[in-house]
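For reference, entry_1.txt (compact mmCIF, C-alpha atoms):
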# COMPACT_ATOMS: atom_id res chain seq x y z
CA MET B 290 -5.65 -13.08 -31.15
CA LYS B 291 -3.47 -10.35 -29.73
CA ALA B 292 -4.48 -7.62 -27.38
CA LYS B 293 -2.68 -4.49 -26.35
CA VAL B 294 -3.61 -2.99 -23.02
CA TYR B 295 -2.59 0.59 -22.31
CA VAL B 296 -2.50 1.71 -18.69
CA THR B 297 -2.00 5.38 -17.91
CA LEU B 298 -2.26 7.54 -14.83
CA LYS B 299 -5.57 9.36 -14.60
CA LYS B 300 -5.68 13.00 -15.54
CA GLY B 301 -5.06 15.06 -12.44
CA VAL B 302 -2.89 12.39 -10.79
CA LEU B 303 0.68 13.66 -10.51
CA ASP B 304 3.11 11.69 -12.67
CA PRO B 305 6.60 12.15 -11.17
CA GLN B 306 8.11 9.86 -13.81
CA GLY B 307 6.56 11.88 -16.64
CA LYS B 308 7.88 15.07 -15.07
CA ALA B 309 11.39 13.61 -14.86
CA VAL B 310 11.29 12.44 -18.50
CA GLN B 311 9.99 15.86 -19.52
CA SER B 312 12.82 17.64 -17.79
CA GLY B 313 15.29 15.17 -19.38
CA LEU B 314 13.93 15.95 -22.84
CA VAL B 315 14.11 19.69 -22.18
CA HIS B 316 17.70 19.36 -20.97
CA LEU B 317 18.54 17.51 -24.18
CA GLY B 318 17.36 20.57 -26.06
CA PHE B 319 14.01 19.35 -27.39
CA LYS B 320 11.63 22.25 -27.87
CA GLY B 321 7.89 22.58 -27.63
CA ILE B 322 7.25 19.93 -24.99
CA LYS B 323 4.14 20.81 -23.05
CA ASP B 324 3.65 17.70 -20.93
CA VAL B 325 4.89 14.10 -20.65
CA ARG B 326 2.96 11.23 -19.09
CA VAL B 327 4.48 7.76 -18.74
CA GLY B 328 2.24 4.71 -18.93
CA LYS B 329 2.44 0.98 -19.53
CA LEU B 330 1.77 -1.19 -22.56
CA ILE B 331 0.86 -4.80 -21.83
CA GLU B 332 0.62 -7.28 -24.72
CA ILE B 333 -1.53 -10.32 -24.22
CA GLU B 334 -1.98 -13.27 -26.59
CA LEU B 335 -5.39 -14.86 -26.35
CA GLU B 336 -6.76 -18.04 -27.82
CA GLY B 337 -10.06 -19.86 -28.04
CA LEU B 338 -12.14 -16.77 -27.30
CA SER B 339 -14.67 -14.91 -29.41
CA LEU B 340 -14.10 -11.20 -29.81
CA GLU B 341 -16.87 -10.47 -27.36
CA GLU B 342 -15.50 -12.92 -24.79
CA ALA B 343 -12.04 -11.44 -25.22
CA GLN B 344 -13.36 -7.93 -24.63
CA ARG B 345 -15.16 -8.98 -21.49
CA SER B 346 -12.18 -10.92 -20.24
CA LEU B 347 -9.77 -8.05 -20.90
CA LYS B 348 -12.01 -5.62 -19.08
CA ASP B 349 -12.00 -7.98 -16.07
CA MET B 350 -8.21 -8.34 -16.26
CA CYS B 351 -7.82 -4.56 -16.28
CA GLU B 352 -10.22 -3.99 -13.42
CA SER B 353 -8.79 -6.74 -11.22
CA LEU B 354 -5.06 -6.60 -11.84
CA LEU B 355 -3.62 -4.73 -14.81
CA ALA B 356 -4.77 -1.27 -13.72
CA ASN B 357 -5.35 0.20 -10.29
CA THR B 358 -8.46 2.21 -11.05
CA VAL B 359 -7.89 4.47 -8.05
CA ILE B 360 -5.07 6.13 -9.97
CA GLU B 361 -5.04 4.64 -13.48
CA ASP B 362 -7.16 4.58 -16.62
CA TYR B 363 -6.92 1.84 -19.19
CA HIS B 364 -7.94 1.05 -22.71
CA PHE B 365 -7.21 -1.87 -24.96
CA GLU B 366 -7.03 -2.88 -28.59
CA ILE B 367 -7.73 -6.34 -29.89
CA GLY B 368 -6.40 -7.50 -33.24
CA ASP B 369 -4.60 -10.37 -34.98
CA ALA B 370 -1.75 -8.14 -36.03
CA PRO B 371 -0.82 -4.71 -34.76
CA GLU B 372 -1.41 -3.18 -38.19
CA LYS B 373 -4.74 -4.95 -38.60
CA VAL B 374 -6.77 -3.94 -35.59
CA THR B 375 -10.16 -5.55 -35.83
CA GLU B 376 -11.72 -3.97 -32.81
CA ARG B 377 -10.84 -1.04 -30.65
CA CYS B 378 -12.35 -0.60 -27.30
CA ILE B 379 -11.58 2.37 -25.12
CA LEU B 380 -12.60 2.30 -21.53
CA SER B 381 -12.10 4.99 -19.01
CA GLU B 382 -13.42 4.86 -15.47
CA GLY B 383 -15.70 2.02 -16.52
CA LYS B 384 -17.37 3.94 -19.34
CA VAL B 385 -17.06 2.87 -22.97
CA ILE B 386 -16.02 5.97 -24.87
CA ALA B 387 -15.58 4.51 -28.34
CA MET D 1141 0.05 -14.66 19.09
CA PHE D 1142 1.61 -12.68 16.26
CA GLY D 1143 1.84 -13.93 12.66
CA VAL D 1144 4.30 -12.48 10.17
CA VAL D 1145 3.38 -13.21 6.56
CA VAL D 1146 6.23 -14.14 4.24
CA PHE D 1147 5.79 -13.32 0.56
CA PRO D 1148 8.42 -14.06 -2.04
CA GLY D 1149 10.47 -10.87 -1.86
CA SER D 1150 9.55 -9.88 1.71
CA ASN D 1151 12.74 -8.64 3.35
CA CYS D 1152 11.59 -7.17 6.66
CA ASP D 1153 9.82 -10.34 7.78
CA HIS D 1154 12.72 -11.47 9.96
CA ASP D 1155 13.11 -7.99 11.47
CA CYS D 1156 9.45 -7.97 12.53
CA TYR D 1157 9.73 -11.53 13.83
CA HIS D 1158 12.90 -10.67 15.77
CA VAL D 1159 11.41 -7.59 17.44
CA LEU D 1160 8.17 -9.32 18.39
CA LYS D 1161 9.71 -12.57 19.54
CA HIS D 1162 13.12 -11.69 20.91
CA VAL D 1163 12.82 -8.05 21.95
CA LEU D 1164 9.24 -8.16 23.20
CA GLY D 1165 8.99 -11.85 24.09
CA GLN D 1166 5.75 -12.42 22.20
CA PRO D 1167 4.78 -15.77 20.69
CA THR D 1168 5.36 -15.18 16.99
CA HIS D 1169 5.22 -17.37 13.91
CA PHE D 1170 5.87 -16.94 10.22
CA ILE D 1171 2.94 -17.52 7.87
CA TRP D 1172 3.83 -18.65 4.35
CA HIS D 1173 2.05 -16.83 1.50
CA GLN D 1174 0.56 -20.09 0.20
CA GLU D 1175 -1.39 -20.69 3.40
CA GLU D 1176 -5.11 -20.60 2.78
CA SER D 1177 -6.24 -20.13 6.35
CA ILE D 1178 -5.05 -18.37 9.47
CA ASP D 1179 -5.32 -20.14 12.80
CA PRO D 1180 -7.72 -18.36 15.17
CA SER D 1181 -5.04 -18.33 17.85
CA PHE D 1182 -3.35 -15.50 15.93
CA LYS D 1183 -4.39 -12.09 17.26
CA VAL D 1184 -2.27 -9.86 15.04
CA ILE D 1185 -1.09 -10.40 11.47
CA VAL D 1186 1.90 -8.43 10.22
CA LEU D 1187 2.36 -7.82 6.49
CA PRO D 1188 6.05 -6.90 6.43
CA GLY D 1189 8.08 -4.65 4.16
CA GLY D 1190 10.04 -5.75 1.14
CA PHE D 1191 9.52 -6.14 -2.55
CA SER D 1192 6.89 -8.85 -2.81
CA TYR D 1193 6.91 -10.45 -6.26
CA GLY D 1194 9.62 -8.01 -7.30
CA ASP D 1195 7.15 -5.09 -7.17
CA TYR D 1196 6.17 -6.17 -10.69
CA LEU D 1197 3.32 -4.28 -12.36
CA ARG D 1198 2.68 -2.15 -9.26
CA THR D 1199 3.91 -2.48 -5.68
CA GLY D 1200 1.74 -5.03 -3.89
CA ALA D 1201 -0.35 -5.78 -6.98
CA ILE D 1202 0.62 -9.43 -7.31
CA ALA D 1203 0.94 -10.22 -3.60
CA ARG D 1204 -2.67 -9.22 -3.24
CA PHE D 1205 -3.61 -12.42 -5.06
CA SER D 1206 -1.58 -14.72 -2.82
CA PRO D 1207 -3.76 -17.37 -1.18
CA VAL D 1208 -2.87 -15.95 2.23
CA MET D 1209 -4.41 -12.59 1.40
CA LYS D 1210 -7.88 -14.09 1.18
CA ALA D 1211 -7.28 -15.54 4.63
CA VAL D 1212 -6.00 -12.17 5.88
CA ALA D 1213 -9.16 -10.47 4.56
CA ARG D 1214 -11.34 -13.01 6.38
CA PHE D 1215 -9.21 -12.63 9.53
CA ALA D 1216 -9.76 -8.86 9.39
CA GLN D 1217 -13.47 -9.21 8.70
CA ASN D 1218 -13.73 -11.20 11.90
CA GLY D 1219 -12.09 -8.35 13.80
CA GLY D 1220 -8.50 -9.61 13.73
CA ILE D 1221 -5.81 -6.95 13.85
CA VAL D 1222 -3.72 -6.45 10.69
CA ILE D 1223 -0.71 -4.15 10.38
CA GLY D 1224 0.89 -3.56 6.99
CA ILE D 1225 4.31 -1.95 7.03
CA CYS D 1226 5.70 -0.34 3.86
CA ASN D 1227 5.19 -3.02 1.20
CA GLY D 1228 2.56 -4.44 3.55
CA PHE D 1229 0.72 -1.10 3.37
CA GLN D 1230 0.99 -1.17 -0.43
CA ILE D 1231 -0.49 -4.68 -0.46
CA LEU D 1232 -3.40 -3.59 1.79
CA LEU D 1233 -4.15 -0.76 -0.64
CA GLU D 1234 -4.04 -3.05 -3.67
CA ALA D 1235 -6.28 -5.52 -1.84
CA ARG D 1236 -8.67 -2.63 -1.16
CA LEU D 1237 -8.58 -3.40 2.54
CA LEU D 1238 -7.56 0.25 2.91
CA PRO D 1239 -8.57 3.10 0.58
CA GLY D 1240 -6.23 4.93 -1.81
CA ALA D 1241 -3.10 4.02 -3.78
CA MET D 1242 0.63 4.67 -3.83
CA LEU D 1243 2.39 6.74 -6.46
CA ARG D 1244 6.11 7.09 -7.08
CA ASN D 1245 7.77 9.41 -4.62
CA ARG D 1246 7.50 13.02 -5.74
CA GLY D 1247 11.27 13.28 -6.19
CA LEU D 1248 11.45 9.84 -7.88
CA ARG D 1249 14.20 8.74 -5.51
CA PHE D 1250 14.09 5.83 -3.14
CA ILE D 1251 14.22 7.45 0.29
CA CYS D 1252 15.84 5.64 3.21
CA ARG D 1253 16.15 7.82 6.28
CA ASP D 1254 14.63 8.68 9.64
CA VAL D 1255 11.50 10.80 9.54
CA TYR D 1256 9.27 12.18 12.27
CA LEU D 1257 5.67 11.11 12.53
CA ARG D 1258 2.95 13.00 14.29
CA VAL D 1259 0.51 10.56 15.89
CA GLU D 1260 -2.90 11.94 14.93
CA ASN D 1261 -5.04 9.35 16.64
CA THR D 1262 -4.00 7.65 19.88
CA ASP D 1263 -7.35 5.90 20.32
CA THR D 1264 -6.43 2.89 18.18
CA VAL D 1265 -5.12 -0.60 18.88
CA PHE D 1266 -1.91 0.48 17.12
CA THR D 1267 -1.24 3.72 19.00
CA ASN D 1268 -2.78 3.46 22.47
CA GLN D 1269 0.70 3.78 24.02
CA CYS D 1270 1.53 6.96 22.13
CA ALA D 1271 -0.43 9.40 24.30
CA SER D 1272 2.73 10.33 26.16
CA LYS D 1273 4.77 10.65 22.99
CA ARG D 1274 3.00 12.24 20.09
CA VAL D 1275 5.94 12.55 17.70
CA LEU D 1276 7.85 9.40 16.82
CA LYS D 1277 11.15 9.11 14.96
CA ILE D 1278 10.96 6.10 12.65
CA PRO D 1279 12.77 5.39 9.38
CA ILE D 1280 11.16 5.15 5.96
CA ALA D 1281 12.62 3.14 3.07
CA HIS D 1282 10.55 3.27 -0.08
CA GLY D 1283 10.30 4.42 -3.67
CA GLU D 1284 6.53 4.37 -3.86
CA GLY D 1285 5.18 5.96 -0.71
CA ASN D 1286 3.43 8.95 -2.22
CA TYR D 1287 -0.05 8.30 -0.86
CA PHE D 1288 -2.90 9.33 -3.11
CA ALA D 1289 -6.66 9.18 -2.76
CA PRO D 1290 -9.39 11.24 -4.40
CA PRO D 1291 -10.66 14.26 -2.39
CA HIS D 1292 -13.89 12.57 -1.24
CA VAL D 1293 -11.85 9.67 0.22
CA ILE D 1294 -9.49 12.07 1.98
CA LYS D 1295 -12.49 13.85 3.45
CA GLU D 1296 -13.85 10.53 4.70
CA LEU D 1297 -10.47 9.62 6.23
CA LYS D 1298 -10.44 12.94 8.08
CA ASP D 1299 -14.08 12.79 9.14
CA ASN D 1300 -13.58 9.32 10.63
CA ASN D 1301 -10.22 10.14 12.19
CA GLN D 1302 -8.57 7.42 10.07
CA ILE D 1303 -5.33 9.30 9.47
CA VAL D 1304 -3.11 7.87 12.20
CA PHE D 1305 0.35 9.17 11.22
CA ARG D 1306 1.43 12.29 9.37
CA TYR D 1307 5.00 13.13 8.33
CA SER D 1308 6.10 16.05 10.48
CA GLY D 1309 9.06 17.84 11.96
CA PRO D 1310 10.53 16.88 15.35
CA ASP D 1311 8.16 19.37 16.98
CA GLY D 1312 5.11 18.03 15.14
CA THR D 1313 4.77 20.83 12.60
CA LEU D 1314 3.73 19.63 9.15
CA ASP D 1315 5.01 22.33 6.79
CA ASP D 1316 8.08 21.37 4.73
CA TYR D 1317 8.21 17.86 6.19
CA ASN D 1318 6.65 15.82 3.44
CA PRO D 1319 9.35 13.45 2.16
CA ASN D 1320 7.48 11.86 -0.73
CA GLY D 1321 4.58 14.09 -1.73
CA SER D 1322 1.83 12.18 0.10
CA VAL D 1323 -1.55 13.89 0.17
CA GLU D 1324 -2.04 15.60 3.57
CA ASN D 1325 1.41 14.32 4.70
CA ILE D 1326 -0.22 10.92 5.21
CA ALA D 1327 2.18 8.25 6.51
CA GLY D 1328 -0.35 5.81 7.94
CA ILE D 1329 -4.11 5.19 7.92
CA ILE D 1330 -6.57 2.76 9.45
CA ASN D 1331 -9.83 1.36 8.12
CA LYS D 1332 -13.15 2.60 9.45
CA GLU D 1333 -13.45 -0.31 11.87
CA GLY D 1334 -10.01 0.47 13.27
CA ASN D 1335 -8.47 -3.00 13.05
CA ILE D 1336 -6.33 -2.58 9.91
CA LEU D 1337 -3.38 -0.18 9.81
CA GLY D 1338 -1.12 0.61 6.88
CA MET D 1339 2.02 2.65 7.49
CA MET D 1340 5.02 3.41 5.31
CA PRO D 1341 7.61 3.90 8.10
CA HIS D 1342 9.31 0.85 9.60
CA PRO D 1343 8.77 0.58 13.38
CA GLU D 1344 10.65 -2.75 13.42
CA ARG D 1345 13.82 -0.88 12.42
CA ALA D 1346 13.52 1.38 15.47
CA SER D 1347 12.89 -1.04 18.30
CA GLU D 1348 16.22 -1.71 19.99
CA GLU D 1349 18.49 0.42 22.15
CA ILE D 1350 21.53 -0.93 20.36
CA LEU D 1351 20.18 0.53 17.12
CA GLY D 1352 19.84 3.92 18.76
CA ASN D 1353 16.10 4.28 18.52
CA THR D 1354 13.20 2.56 20.24
CA ASP D 1355 10.27 4.71 19.08
CA GLY D 1356 8.93 1.82 17.03
CA LEU D 1357 8.20 -0.05 20.24
CA TYR D 1358 5.33 2.35 20.99
CA ILE D 1359 3.42 0.72 18.15
CA PHE D 1360 4.24 -2.90 19.00
CA LYS D 1361 3.55 -2.26 22.70
CA SER D 1362 0.20 -0.73 21.76
CA LEU D 1363 -0.65 -3.96 19.96
CA ILE D 1364 0.39 -6.06 22.94
CA LYS D 1365 -1.79 -3.86 25.19
CA ALA D 1366 -4.71 -4.29 22.79
CA ILE D 1367 -4.33 -8.08 22.87
CA GLU D 1368 -4.20 -8.05 26.68
CA LEU D 1369 -7.37 -5.97 26.81
CA HIS D 1370 -8.96 -8.32 24.34
CA SER D 1371 -8.19 -11.39 26.40
CA ASN D 1372 -9.57 -9.63 29.49
CA THR D 1373 -12.66 -8.00 28.06
CA GLY D 1374 -13.23 -9.55 24.65
CA ALA D 1375 -13.23 -6.09 23.05
CA VAL D 1376 -10.62 -6.19 20.34
CA ARG D 1377 -11.62 -3.13 18.45
CA SER D 1378 -10.81 0.35 19.43
CA VAL D 1379 -13.08 2.03 16.95
CA ALA D 1380 -11.64 4.94 15.00
CA ARG D 1381 -13.37 8.06 16.18
Give the structure from the file, written as structure tokens.
Amino acid sequence: MKAKVYVTLKKGVLDPQGKAVQSGLVHLGFKGIKDVRVGKLIEIELEGLSLEEAQRSLKDMCESLLANTVIEDYHFEIGDAPEKVTERCILSEGKVIA
Amino acid sequence: MFGVVVFPGSNCDHDCYHVLKHVLGQPTHFIWHQEESIDPSFKVIVLPGGFSYGDYLRTGAIARFSPVMKAVARFAQNGGIVIGICNGFQILLEARLLPGAMLRNRGLRFICRDVYLRVENTDTVFTNQCASKRVLKIPIAHGEGNYFAPPHVIKELKDNNQIVFRYSGPDGTLDDYNPNGSVENIAGIINKEGNILGMMPHPERASEEILGNTDGLYIFKSLIKAIELHSNTGAVRSVAR
């Protein structure tokens, strides 16, 4: 079972890296860029866990290490193959959104 | 007795050790990151600067899980004095021993230069010798020193007088002297109890005449004074007020 964990800076937290990438894109001549935010994608292979156990475990991983919830939000996807996502779980500030 | 924790990737550990032991003549020992307990004879634990665990994931994020950090947390709970410098500050934040988090510097660049710090609270075990000198010149060297905390935390820090150092000009003015974008020009904070300090500037790099700057000694001498007082009166904590 594969999981993808996305970690992004919270809305309202300044993203200097995103700003630098944005200005780079603008300098390259790309038009219509309103905002750029840079985040992290962490891929984790899991085994021997039920979907529910995996969800719980991933949430713990995010809360304890993968994200710093003072400044970052996270969400994760669990699926056997990237194109065949069996479950999608979005968490933000501890609340399940979808 | 001073203890300097050594993480894989610490690179200011020897500087701290040198200043404490050879410049100030204090009994000082290194503490390896795999240690699971801290001897009670230690009075002050230093978490030095560097790039612990390569700064992977986030600065300080992995070091926080070193066995020694559990011991450091217990040491602090029992009133022991902990000072985190630069990467040490980042580790204290990740360990939630201090509130807030570090973002990339506003300008994205690693900044290595002298800055001025206004000492905002001289009633701490880390700054009791600063009453006569309220603006210190101490170098910073970091890429992630842009202190952030949500507004309610900042309010709490202010209400409890936990902001110990602010980036300033040589005369102590704050405007236009924020090198990295830190909220409120914050360069160093203490916990509510007043026994844990995190600071981004490096006092150990400004503690010898031959290096042209001894302002860092005000901090180390404050700690030595605090230990002396402790051994005389048993009162280790100078509570943040």
Task: From B:His316, B:Lys323, B:His364, B:Lys308, residue lying nearest B:Gln344 [only C-alpha atoms] - done: B:His364
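Shortest separation to chain D among B:Val310, B:Asp304, B:Glu332, B:Met290 occurs at residue B:Asp304, atoms counted being all atoms listed in the file.
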Determine, for each residue of chain B having at least one atom at most 8 Å from an atom of chain D, the closest pair of atoms and their separation in Å to one decimal, counting only C-alpha atoms; order by chain and ascending number, as CSV.
residue,atom,partner,partner_atom,distance
B:Asp304,CA,D:Arg1244,CA,7.8
B:Pro305,CA,D:Arg1246,CA,5.6
B:Gln306,CA,D:Leu1248,CA,6.8
B:Ala309,CA,D:Leu1248,CA,7.9
B:Leu354,CA,D:Ala1201,CA,6.8
B:Leu355,CA,D:Leu1197,CA,7.4
B:Asn357,CA,D:Glu1234,CA,7.5
B:Val359,CA,D:Ala1241,CA,6.4
B:Ile360,CA,D:Ala1241,CA,6.8
Task: For atom CA of D:Tyr1256 and atom CA of D:Tyr1287, the interatomic separation in Å (one decimal) - done: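 Pair atom CA of D:Tyr1256 / atom CA of D:Tyr1287 returns 16.6 Å.
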TODO: Could you tell me how far atom CA of B:Val302 lies from atom CA of B:Asp362, in Å and to one decimal?
DONE: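 Interatomic distance here is 10.6 Å.
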Task: Best match for closeness to D:Ile1278 among D:His1342, D:Arg1306, D:Arg1214, D:Lys1295, counting only C-alpha atoms - done: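 The shortest atom-to-atom distance to D:Ile1278 comes from D:His1342.
What separates atom CA of D:Asn1151 from atom CA of D:Phe1191 is a distance of 7.2 Å.
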TODO: Pick out the residues sitting within 7 Å of B:Glu361, and hand them over as an MDAnalysis selection string; count all atoms listed in the file, and ignore anything fewer than 2 positions along from it in its own chain.
DONE: chainID B and resid 296:299 356:359 363
Open item on the list: Set the distance at 12 Å and use only C-alpha atoms: which residues neighbour D:Gly1352 once local chain neighbours fewer than 3 positions away are removed? I'd like the list as a PyMOL selection string.
Closed with: chain D and resi 1254+1277-1279+1345-1349+1355-1356
- [ ] Would you mind listing what lies within 10 Å of D:Arg1253 as a list of chain:residue names, with only C-alpha atoms counted and same-chain residues fewer than 6 positions away left out?
- [x]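 Contacts, with the query itself left out: D:Ile1278, D:Pro1279, D:Ile1280, D:Ala1281, D:His1282, D:Pro1319, D:Pro1341.
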